[in-house]
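Q: Coordinates in work.txt, compact mmCIF, C-alpha atoms, are listed below.
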# COMPACT_ATOMS: atom_id res chain seq x y z
CA MET H 296 19.68 28.50 23.43
CA ALA H 297 20.44 24.97 24.42
CA GLY H 298 18.45 25.44 27.61
CA ASP H 299 21.11 27.62 29.19
CA THR H 300 19.25 30.60 30.62
CA GLN H 301 22.31 32.33 32.00
CA GLN H 302 23.89 32.68 28.58
CA THR H 303 23.59 36.09 26.96
CA GLY H 304 23.01 36.50 23.27
CA THR H 305 26.61 37.45 22.62
CA GLU H 306 27.91 34.48 24.52
CA TYR H 307 25.57 32.24 22.62
CA ILE H 308 26.81 33.50 19.30
CA GLN H 309 30.44 33.34 20.32
CA HIS H 310 29.95 29.87 21.65
CA HIS H 311 28.58 28.79 18.32
CA LEU H 312 31.41 30.35 16.41
CA THR H 313 34.22 28.82 18.42
CA ASN H 314 35.98 25.79 17.05
CA LEU H 315 36.94 22.79 19.07
CA THR H 316 40.66 23.37 18.92
CA PHE H 317 43.43 21.01 19.91
CA GLY H 318 46.88 22.50 19.95
CA GLN H 319 50.03 23.57 21.72
CA HIS H 320 49.15 26.19 24.32
CA PRO H 321 52.10 28.13 25.70
CA ASP H 322 50.98 27.36 29.26
CA HIS H 323 49.12 24.06 29.07
CA GLY H 324 51.08 22.25 26.35
CA TRP H 325 49.13 20.05 23.86
CA SER H 326 45.52 20.17 24.95
CA PHE H 327 42.01 21.19 23.92
CA ALA H 328 41.39 24.91 24.18
CA HIS H 329 38.82 25.77 26.83
CA ASN H 330 37.72 29.01 25.20
CA ALA H 331 38.26 31.16 22.18
CA GLN H 332 41.05 33.10 23.81
CA GLU H 333 43.06 30.00 24.57
CA ALA H 334 42.55 28.81 21.03
CA ALA H 335 43.89 32.11 19.77
CA GLU H 336 46.92 31.84 22.03
CA MET H 337 47.79 28.48 20.50
CA GLY H 338 48.65 30.27 17.28
CA PHE H 339 49.47 28.17 14.27
CA MET H 340 50.28 24.92 16.05
CA ALA H 341 46.70 23.91 16.53
CA VAL H 342 44.06 21.89 14.76
CA ASN H 343 40.38 22.68 14.58
CA VAL H 344 39.33 19.16 15.37
CA ASP H 345 35.66 19.74 14.59
CA SER H 346 36.10 21.38 11.16
CA LEU H 347 38.75 18.99 10.03
CA GLY H 348 36.94 15.99 11.49
CA TRP H 349 33.63 16.84 9.81
CA SER H 350 35.44 17.74 6.64
CA ILE H 351 37.30 14.45 6.42
CA GLY H 352 34.20 12.56 7.53
CA LEU H 353 32.17 14.12 4.74
CA GLY H 354 35.03 13.46 2.34
CA LEU H 355 34.83 9.81 3.32
CA VAL H 356 31.07 9.86 2.78
CA PHE H 357 31.72 11.18 -0.71
CA ALA H 358 34.46 8.65 -1.34
CA PHE H 359 32.33 5.77 -0.05
CA LEU H 360 29.19 6.71 -1.96
CA PHE H 361 30.94 7.16 -5.27
CA ARG H 362 33.21 4.17 -4.80
CA TRP H 363 30.09 2.13 -4.20
CA ALA H 364 28.63 3.40 -7.45
CA ALA H 365 31.90 2.73 -9.25
CA MET H 366 32.02 -0.85 -7.99
CA ARG H 367 28.49 -1.52 -9.15
CA ALA H 368 29.03 0.29 -12.43
CA THR H 369 27.78 -1.85 -15.27
CA THR H 370 27.50 -1.26 -18.96
CA GLY H 371 23.92 -2.50 -18.75
CA ILE H 372 20.97 -0.60 -17.36
CA PRO H 373 22.03 1.58 -14.43
CA THR H 374 19.80 1.63 -11.38
CA GLY H 375 19.26 3.70 -8.28
CA TRP H 376 22.37 5.27 -6.87
CA GLN H 377 24.41 4.50 -9.97
CA ASN H 378 22.03 6.67 -11.95
CA PHE H 379 22.61 9.55 -9.61
CA ALA H 380 26.37 9.11 -9.60
CA GLU H 381 26.43 8.96 -13.40
CA MET H 382 24.25 12.04 -13.59
CA MET H 383 26.68 13.94 -11.36
CA ILE H 384 29.62 12.70 -13.36
CA GLU H 385 28.01 13.63 -16.64
CA PHE H 386 27.20 17.08 -15.29
CA VAL H 387 30.73 17.66 -14.01
CA ASP H 388 32.24 16.22 -17.17
CA GLY H 389 30.12 18.55 -19.28
CA THR H 390 31.15 21.56 -17.21
CA VAL H 391 34.80 20.62 -17.45
CA LYS H 392 34.56 20.07 -21.21
CA ASP H 393 32.91 23.45 -21.60
CA SER H 394 35.56 25.46 -19.83
CA PHE H 395 38.72 23.38 -19.87
CA HIS H 396 40.26 22.96 -23.27
CA GLY H 397 43.52 21.25 -22.44
CA ARG H 398 44.02 17.55 -21.94
CA ASN H 399 44.44 16.65 -18.31
CA PRO H 400 42.82 13.54 -16.82
CA TRP H 401 42.99 15.00 -13.30
CA ILE H 402 40.77 18.01 -13.85
CA ALA H 403 37.43 16.24 -14.09
CA PRO H 404 37.85 13.99 -11.01
CA MET H 405 39.09 17.01 -9.11
CA ALA H 406 36.04 18.99 -10.14
CA LEU H 407 33.75 16.16 -9.04
CA THR H 408 35.53 15.94 -5.69
CA ILE H 409 35.23 19.67 -5.15
CA PHE H 410 31.60 19.86 -6.14
CA VAL H 411 30.32 16.96 -4.07
CA TRP H 412 32.58 17.47 -1.11
CA VAL H 413 31.99 21.21 -0.82
CA PHE H 414 28.29 20.60 -1.30
CA LEU H 415 28.28 18.09 1.55
CA MET H 416 30.22 20.47 3.77
CA ASN H 417 27.80 23.27 2.98
CA LEU H 418 24.87 20.93 3.51
CA MET H 419 25.75 20.69 7.18
CA ASP H 420 24.51 24.27 7.38
CA LEU H 421 20.95 23.01 7.00
CA ILE H 422 21.11 20.93 10.16
CA PRO H 423 19.52 23.04 12.89
CA VAL H 424 22.37 24.90 14.56
CA ASP H 425 21.79 23.64 18.09
CA ILE H 426 21.25 19.91 17.61
CA ILE H 427 24.77 18.60 17.19
CA PRO H 428 26.48 21.02 19.61
CA TRP H 429 23.86 20.01 22.18
CA LEU H 430 24.39 16.29 21.56
CA MET H 431 28.14 16.86 21.79
CA SER H 432 27.79 18.80 25.03
CA LEU H 433 26.03 15.76 26.49
CA GLY H 434 29.26 13.91 25.77
CA GLY H 435 31.34 16.61 27.44
CA VAL H 436 32.51 18.38 24.27
CA HIS H 437 31.83 22.08 24.63
CA PHE H 438 32.56 23.50 21.23
CA GLN H 439 31.43 22.16 17.92
CA LYS H 440 31.23 23.87 14.56
CA ILE H 441 29.72 21.33 12.21
CA VAL H 442 29.94 23.30 8.96
CA PRO H 443 33.53 22.91 7.81
CA SER H 444 33.15 25.55 5.11
CA THR H 445 32.52 28.22 7.74
CA ASP H 446 36.11 27.72 8.85
CA PRO H 447 38.55 29.78 6.74
CA ASN H 448 41.18 27.11 7.35
CA ILE H 449 39.12 24.65 5.37
CA THR H 450 38.23 26.88 2.45
CA LEU H 451 41.68 28.46 2.24
CA GLY H 452 43.27 25.03 2.56
CA MET H 453 41.48 23.90 -0.57
CA ALA H 454 42.17 27.22 -2.30
CA LEU H 455 45.84 26.78 -1.43
CA ALA H 456 45.83 23.33 -3.02
CA VAL H 457 44.24 24.84 -6.12
CA PHE H 458 46.89 27.57 -6.07
CA GLY H 459 49.60 24.95 -5.87
CA MET H 460 48.07 23.20 -8.89
CA ILE H 461 47.91 26.51 -10.79
CA LEU H 462 51.63 27.05 -10.20
CA TYR H 463 52.48 23.43 -10.98
CA TYR H 464 50.60 23.32 -14.27
CA SER H 465 51.68 26.81 -15.30
CA ILE H 466 55.30 25.79 -14.99
CA LYS H 467 54.71 22.33 -16.44
CA VAL H 468 52.89 23.60 -19.52
CA LYS H 469 54.71 26.84 -20.23
CA GLY H 470 58.04 26.15 -18.61
CA ILE H 471 59.53 28.45 -16.00
CA GLY H 472 60.49 30.97 -18.67
CA GLY H 473 57.00 31.01 -20.13
CA PHE H 474 55.40 31.43 -16.73
CA VAL H 475 57.74 34.24 -15.71
CA GLY H 476 57.20 35.83 -19.09
CA GLU H 477 53.46 35.69 -18.57
CA LEU H 478 53.90 37.46 -15.24
CA THR H 479 56.23 40.16 -16.50
CA LEU H 480 55.57 40.83 -20.20
CA GLN H 481 51.91 41.68 -20.03
CA PRO H 482 49.59 43.52 -19.95
CA PHE H 483 52.08 46.26 -20.98
CA GLY H 484 54.49 45.38 -23.71
CA ALA H 485 56.82 47.36 -25.93
CA LYS H 486 59.11 46.67 -28.85
CA ASN H 487 61.88 48.82 -27.37
CA PRO H 488 63.84 46.68 -24.84
CA ILE H 489 64.49 49.64 -22.53
CA VAL H 490 60.82 50.57 -22.34
CA GLN H 491 60.02 46.91 -21.87
CA ALA H 492 62.45 46.76 -18.94
CA ILE H 493 60.60 49.64 -17.32
CA PHE H 494 57.32 47.84 -17.79
CA VAL H 495 58.54 44.61 -16.21
CA PRO H 496 58.15 45.63 -12.54
CA ILE H 497 54.78 47.23 -13.25
CA ASN H 498 53.57 44.12 -15.03
CA LEU H 499 54.92 41.90 -12.28
CA ALA H 500 53.13 43.89 -9.60
CA LEU H 501 49.85 43.76 -11.49
CA GLU H 502 50.07 40.09 -12.45
CA LEU H 503 51.25 38.97 -9.04
CA VAL H 504 48.29 40.63 -7.40
CA GLY H 505 46.04 38.96 -9.93
CA LEU H 506 47.66 35.60 -9.33
CA LEU H 507 47.51 35.83 -5.54
CA ALA H 508 43.96 37.12 -5.63
CA LYS H 509 42.84 33.84 -7.21
CA PRO H 510 43.26 31.54 -4.17
CA PHE H 511 42.18 34.22 -1.73
CA SER H 512 39.03 35.13 -3.53
CA LEU H 513 38.30 31.44 -4.12
CA GLY H 514 38.65 30.52 -0.44
CA LEU H 515 37.15 33.63 1.06
CA ARG H 516 34.10 33.63 -1.21
CA LEU H 517 33.03 30.22 0.00
CA PHE H 518 33.94 31.02 3.58
CA GLY H 519 32.13 34.37 3.56
CA ASN H 520 28.93 32.97 2.11
CA MET H 521 28.79 30.04 4.47
CA TYR H 522 29.82 32.04 7.50
CA ALA H 523 27.17 34.66 6.87
CA GLY H 524 24.54 32.00 6.31
CA GLU H 525 25.51 30.23 9.51
CA MET H 526 25.40 33.53 11.38
CA ILE H 527 21.88 34.21 10.20
CA PHE H 528 20.81 30.73 11.29
CA ILE H 529 22.28 31.45 14.73
CA LEU H 530 20.54 34.82 14.94
CA ILE H 531 17.25 33.24 13.94
CA ALA H 532 17.78 30.51 16.52
CA MET H 533 18.07 33.19 19.21
CA MET H 534 14.46 34.15 18.60
CA TYR H 535 13.27 30.79 19.90
CA SER H 536 14.03 31.93 23.48
CA ALA H 537 12.12 35.21 23.11
CA GLY H 538 8.54 34.07 23.65
CA TRP H 539 6.27 32.08 21.43
CA ILE H 540 5.27 34.91 19.09
CA LEU H 541 8.85 35.72 18.15
CA GLY H 542 9.63 32.03 18.28
CA THR H 543 6.95 31.22 15.71
CA PHE H 544 8.16 34.08 13.56
CA GLY H 545 11.67 32.72 13.94
CA GLY H 546 10.46 29.31 12.85
CA ALA H 547 9.01 30.81 9.67
CA LEU H 548 12.22 32.74 9.07
CA GLN H 549 14.28 29.64 9.67
CA LEU H 550 12.26 27.70 7.13
CA GLY H 551 12.52 30.50 4.58
CA TRP H 552 16.23 30.98 5.07
CA ALA H 553 16.87 27.23 4.95
CA ILE H 554 15.03 26.91 1.65
CA PHE H 555 16.94 29.86 0.24
CA HIS H 556 20.12 28.37 1.61
CA ILE H 557 19.62 25.19 -0.40
CA LEU H 558 20.21 27.38 -3.43
CA ILE H 559 23.22 29.10 -1.90
CA ILE H 560 25.05 25.96 -0.83
CA THR H 561 24.64 24.36 -4.25
CA LEU H 562 25.63 27.55 -6.00
CA GLN H 563 28.72 28.07 -3.85
CA ALA H 564 29.86 24.50 -4.41
CA PHE H 565 29.31 24.97 -8.14
CA ILE H 566 31.14 28.31 -8.19
CA PHE H 567 34.11 26.84 -6.34
CA MET H 568 34.27 24.03 -8.88
CA VAL H 569 33.87 26.24 -11.95
CA LEU H 570 36.44 28.79 -10.78
CA THR H 571 38.92 26.03 -10.07
CA ILE H 572 38.41 24.65 -13.56
CA VAL H 573 38.76 28.10 -15.10
CA TYR H 574 41.92 28.91 -13.14
CA LEU H 575 43.49 25.61 -14.14
CA SER H 576 42.39 26.11 -17.71
CA MET H 577 44.17 29.47 -17.71
CA ALA H 578 47.23 27.78 -16.24
CA HIS H 579 47.20 25.37 -19.18
CA GLU H 580 46.94 28.03 -21.84
CA ASP H 581 50.17 28.88 -23.55
CA HIS H 582 50.27 32.33 -25.04
CA MET U 271 38.79 31.84 13.32
CA ASN U 272 42.51 31.41 13.61
CA ILE U 273 44.57 30.20 10.74
CA ASN U 274 46.34 27.09 11.96
CA LEU U 275 47.38 23.58 11.02
CA THR U 276 43.84 22.81 9.95
CA LEU U 277 44.78 24.56 6.70
CA PHE U 278 47.33 21.90 5.85
CA GLY U 279 45.17 19.12 7.19
CA GLN U 280 42.47 20.17 4.75
CA LEU U 281 44.99 20.68 1.94
CA ILE U 282 46.34 17.16 2.33
CA SER U 283 42.94 15.52 2.66
CA PHE U 284 41.80 17.48 -0.39
CA LEU U 285 44.65 16.10 -2.45
CA PHE U 286 43.98 12.62 -1.08
CA PHE U 287 40.31 12.72 -2.05
CA ILE U 288 41.17 13.99 -5.53
CA TRP U 289 43.56 11.08 -5.92
CA PHE U 290 40.97 8.64 -4.58
CA CYS U 291 38.29 10.00 -6.88
CA LYS U 292 40.53 9.77 -9.94
CA LYS U 293 41.84 6.33 -9.11
CA PHE U 294 38.80 4.49 -7.81
CA VAL U 295 35.72 6.39 -8.94
CA TRP U 296 36.08 8.47 -12.05
CA THR U 297 37.83 6.04 -14.34
CA ALA U 298 35.52 3.13 -13.57
CA ILE U 299 32.28 5.06 -13.97
CA ILE U 300 33.36 6.99 -17.06
CA HIS U 301 34.59 3.74 -18.59
CA SER U 302 31.32 1.94 -18.03
CA MET U 303 29.39 4.96 -19.32
CA GLU U 304 31.43 5.07 -22.50
CA GLU U 305 31.06 1.33 -22.93
CA ARG U 306 27.31 1.65 -22.56
CA GLN U 307 27.21 4.50 -25.04
CA LYS U 308 29.04 2.32 -27.51
CA LYS U 309 26.70 -0.56 -26.87
CA ILE U 310 23.64 1.59 -27.45
CA ALA U 311 25.14 3.02 -30.62
CA ASP U 312 25.92 -0.49 -31.84
CA GLY U 313 22.40 -1.63 -31.03
CA LEU U 314 20.87 1.24 -32.96
CA ASP U 315 23.18 0.50 -35.86
CA ALA U 316 22.17 -3.14 -35.84
CA ALA U 317 18.49 -2.21 -35.79
CA ASP U 318 19.03 0.10 -38.75
CA ARG U 319 20.88 -2.61 -40.60
CA ALA U 320 18.18 -5.16 -39.85
CA SER U 321 15.42 -2.94 -41.16
CA ARG U 322 17.45 -2.27 -44.28
CA ASP U 323 17.99 -5.99 -44.71
CA LEU U 324 14.29 -6.60 -44.29
CA GLU U 325 13.49 -4.05 -46.96
CA LEU U 326 16.01 -5.66 -49.27
CA ALA U 327 14.61 -9.10 -48.64
CA GLN U 328 11.08 -7.92 -49.34
CA GLU U 329 12.21 -6.34 -52.56
CA LYS U 330 13.94 -9.53 -53.55
CA ALA U 331 10.92 -11.63 -52.70
CA THR U 332 8.67 -9.41 -54.82
CA GLU U 333 11.10 -9.64 -57.69
CA GLN U 334 11.31 -13.40 -57.44
CA LEU U 335 7.56 -13.67 -57.36
CA LYS U 336 7.33 -11.58 -60.48
CA GLU U 337 9.96 -13.70 -62.19
CA ALA U 338 8.17 -16.89 -61.23
CA LYS U 339 4.91 -15.58 -62.62
CA GLN U 340 6.61 -14.62 -65.84
CA GLU U 341 8.22 -17.99 -66.10
CA ALA U 342 4.96 -19.77 -65.43
CA SER U 343 3.16 -17.80 -68.13
CA SER U 344 5.96 -18.47 -70.61
CA ILE U 345 5.81 -22.17 -69.79
CA ILE U 346 2.06 -22.20 -70.33
CA GLU U 347 2.47 -20.40 -73.62
CA GLN U 348 5.11 -22.84 -74.75
CA ALA U 349 2.95 -25.75 -73.74
CA ASN U 350 0.06 -24.31 -75.71
CA LYS U 351 2.26 -23.86 -78.71
CA ARG U 352 3.57 -27.37 -78.40
CA ALA U 353 0.08 -28.75 -78.07
CA SER U 354 -1.12 -27.07 -81.23
CA GLN U 355 2.02 -28.23 -82.95
CA ILE U 356 1.33 -31.79 -81.86
CA VAL U 357 -2.24 -31.51 -83.09
CA ASP U 358 -1.00 -30.18 -86.44
CA GLU U 359 1.55 -32.91 -86.69
CA ALA U 360 -1.07 -35.51 -85.90
CA LYS U 361 -3.34 -34.08 -88.52
CA GLU U 362 -0.57 -34.08 -91.04
CA GLN U 363 0.33 -37.62 -90.20
CA ALA U 364 -3.24 -38.73 -90.40
CA ARG U 365 -3.61 -37.14 -93.77
CA SER U 366 -0.48 -38.67 -95.18
CA GLU U 367 -1.43 -42.04 -93.69
CA GLY U 368 -4.82 -41.75 -95.30
CA ASP U 369 -3.20 -40.87 -98.62
CA ARG U 370 -0.84 -43.76 -98.30
CA LEU U 371 -3.75 -46.11 -97.51
CA LYS U 372 -5.71 -44.81 -100.43
CA VAL U 373 -2.78 -45.28 -102.78
CA ALA U 374 -2.20 -48.78 -101.48
CA ALA U 375 -5.89 -49.63 -101.83
CA GLN U 376 -5.95 -48.32 -105.40
CA ALA U 377 -2.83 -50.28 -106.23
CA GLU U 378 -4.38 -53.40 -104.83
CA ILE U 379 -7.58 -52.74 -106.66
CA GLU U 380 -5.66 -52.33 -109.89
CA GLN U 381 -3.64 -55.43 -109.23
CA GLU U 382 -6.81 -57.32 -108.44
CA MET U 383 -8.36 -56.03 -111.61
CA ASN U 384 -5.32 -57.00 -113.68
CA ARG U 385 -5.34 -60.40 -112.15
CA ALA U 386 -9.05 -60.76 -112.91
CA LYS U 387 -8.42 -59.61 -116.44
CA GLU U 388 -5.56 -62.07 -116.79
CA GLU U 389 -7.69 -64.87 -115.48
CA LEU U 390 -10.53 -63.78 -117.64
CA ARG U 391 -8.20 -63.72 -120.63
CA ASN U 392 -6.97 -67.17 -119.85
CA ASN U 393 -10.46 -68.49 -119.30
CA VAL U 394 -11.99 -66.73 -122.32
CA ALA U 395 -9.69 -68.64 -124.62
CA THR U 396 -10.53 -71.88 -122.97
CA LEU U 397 -14.26 -71.07 -122.84
CA ALA U 398 -14.31 -69.93 -126.46
CA LEU U 399 -12.40 -72.97 -127.49
CA ALA U 400 -14.71 -75.22 -125.55
CA GLY U 401 -17.71 -73.51 -127.12
CA ALA U 402 -16.21 -73.67 -130.59
CA GLU U 403 -15.20 -77.26 -130.06
CA LYS U 404 -18.75 -78.06 -129.07
CA VAL U 405 -20.07 -76.22 -132.10
CA LEU U 406 -17.65 -77.57 -134.66
CA LYS U 407 -17.03 -80.84 -133.00
CA ALA U 408 -14.35 -83.08 -134.37
CA ASN U 409 -13.90 -81.63 -137.84
CA ILE U 410 -12.13 -78.61 -136.97
CA ASP U 411 -8.35 -78.51 -136.61
CA GLU U 412 -7.70 -77.52 -133.10
CA SER U 413 -4.24 -76.03 -133.65
CA ALA U 414 -5.30 -73.79 -136.67
CA ASN U 415 -8.31 -72.51 -134.76
CA ARG U 416 -6.35 -72.06 -131.64
CA ALA U 417 -4.10 -69.44 -133.26
CA LEU U 418 -7.21 -67.62 -134.41
CA VAL U 419 -8.81 -67.62 -130.96
CA ASP U 420 -5.57 -66.61 -129.24
CA ASP U 421 -5.48 -63.68 -131.60
CA LEU U 422 -8.97 -62.81 -130.56
CA ALA U 423 -8.17 -63.16 -126.91
CA ALA U 424 -5.20 -60.81 -127.24
CA GLN U 425 -7.55 -58.14 -128.41
CA LEU U 426 -9.46 -58.17 -125.15
Go through the file and emit its structure as structure tokens.

A:
Amino acid sequence: MAGDTQQTGTEYIQHHLTNLTFGQHPDHGWSFAHNAQEAAEMGFMAVNVDSLGWSIGLGLVFAFLFRWAAMRATTGIPTGWQNFAEMMIEFVDGTVKDSFHGRNPWIAPMALTIFVWVFLMNLMDLIPVDIIPWLMSLGGVHFQKIVPSTDPNITLGMALAVFGMILYYSIKVKGIGGFVGELTLQPFGAKNPIVQAIFVPINLALELVGLLAKPFSLGLRLFGNMYAGEMIFILIAMMYSAGWILGTFGGALQLGWAIFHILIITLQAFIFMVLTIVYLSMAHEDH
Amino acid sequence: MNINLTLFGQLISFLFFIWFCKKFVWTAIIHSMEERQKKIADGLDAADRASRDLELAQEKATEQLKEAKQEASSIIEQANKRASQIVDEAKEQARSEGDRLKVAAQAEIEQEMNRAKEELRNNVATLALAGAEKVLKANIDESANRALVDDLAAQL
């Protein structure tokens, strides 16, 4: 509980789930929010500095590590980190080749970016929940959420980018007419033009829901899994202040959950990547 | 948990990292991997070819060895044949030489004999005349007797 005895359990949890937000407050102008309520009052004109900062930082870690491997890439015998990078690339390339049948040189690098970056973001979940917020509080920063993927802004931001790519490639491959046709002429079709005209709004409603569900489900799935995992880590961490018996039990739980979480974070990163590939593959398919 | 500008911050950084990955990571690593694949395939090919070449060379060597053996045996055979031919020739020559020598010796013997006969014929007349002259002494006409003795000598 970060040594703060006056904090109640609820406060502790809320404290852990509040982002460090910088934004335009109606009363204070551009400033850091001092609590969750102020952050909410800032509305859309605000930035979750911690999520975005950790996210970009981890993105840079990814970029640096793989750029390093790329610069040392030889056609001779690969060593050390290059081996690992090539293994990842081979894995991602294989997955892309399995599910994406079009020809698009952007899909595979995008899949690699998603997989490694999301994995790194999820990995932050395994750092004990109190360490970094406590270190930050020593420096006078009161809120810190270090797992970017527990922030819906982050996951939905990526899902939105994927959605944009779905629209872009749908229109690029099928043309506007083809894309609109795909949205309106199925699943119900008829030879009679009048019946077909009746089906159009029904089809559009169904297909639009399906289309919009893609980015939402993509973003919220990752967010939900990571948020729930983080929450359980926080709840387990609360046991450490409840005497040494519960504390020991909590330690065992923490270990168990962390080991299980290794599976979850990898799986969620993989699922995000595979779904993105599948969605884009569907966008490339001309009926 | 408010939706705010972070959404677009993440969206933009996402696109940036995709671009970075495509531009500076993916192409280079995939390229070197493909190059290496090609190199390995080439190496395996070369090894295959080399072993095939080796096999071929061994086959050729065996064949050449066989040929050489055959040639050697044919040369030996020829030499043997030639040797016996030479021996035969030599024998033949020796025989004919011997014959020739014999013939020559016989001819010489005959010639010698003829000459001896001739000489004897010449001398017989003289000897007979000398004996007759001694027997008859001066009263005998040498020229009439001579014709008689010559006649005698011709009968030898």

Q: Just need the residues of chain U within 10 Å of chain H, counting all atoms listed in the file, so spit them out as an NGL selection string.

A: :U and (271-310)

Q: Between CA of Thr543 in chain H and CA of Leu530 in chain H, what is the distance, to one decimal in Å?

A: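 For CA of Thr543 in chain H relative to CA of Leu530 in chain H, the distance reads 14.1 Å.
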
Q: Pick out the closest residue to Ala578 in chain H from this set: H:Tyr535, H:Trp429, H:Phe395, H:Phe544. Count all atoms listed in the file.

A: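 Of the candidates, the smallest distance to Ala578 in chain H is held by H:Phe395.
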
Q: Show which residues sit within 9 Å of range 458-463 of chain H, as an MDAnalysis selection string. Count only C-alpha atoms, and ignore same-chain residues fewer than 3 positions away.

A: chainID H and resid 453:455 466:468 474 506:507 509:510 574:579

Q: Could you list, as a PyMOL selection string, every residue within 9 Å of Leu399 in chain U, counting all atoms listed in the file and ignoring same-chain residues fewer than 2 positions away?

A: chain U and resi 394-397+401-404+412+415-416+419

Q: Grab the CA of His310 in chain H to CA of Asn330 in chain H distance for me, in Å with one decimal place.

A: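 Here the two named atoms are 8.6 Å from each other.
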
Q: Could you please determine the separation between CA of Gln319 in chain H and CA of Pro428 in chain H in Å, to one decimal place?

A: 23.8 Å

Q: Find the residues near Ile566 in chain H: any atom within 10 Å, counting all atoms listed in the file, skip ones fewer than 5 places away on the same chain, and give them as a list in words.

A: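 These residues fall inside the cut-off: Phe410, Leu513, Arg516, Leu517, Ile560, Thr561, Thr571 and Ile572 of chain H.
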
Q: Please enclose the listed atoms of range 351-355 of chain U in an axis-aligned box, pad each side by 8 Å, and write out the centre and the three edge lengths in Å, rounded to one decimal, as JSON.

A:
{"center_x": 1.2, "center_y": -26.3, "center_z": -80.5, "size_x": 20.7, "size_y": 20.9, "size_z": 20.9}

Q: Pick out the closest residue to Val387 in chain H from this set: H:Val411, H:Ala485, H:Ala500, H:Glu525. Count only C-alpha atoms.

A: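 Comparing H:Val411, H:Ala485, H:Ala500, H:Glu525 against Val387 in chain H, the winner is H:Val411.
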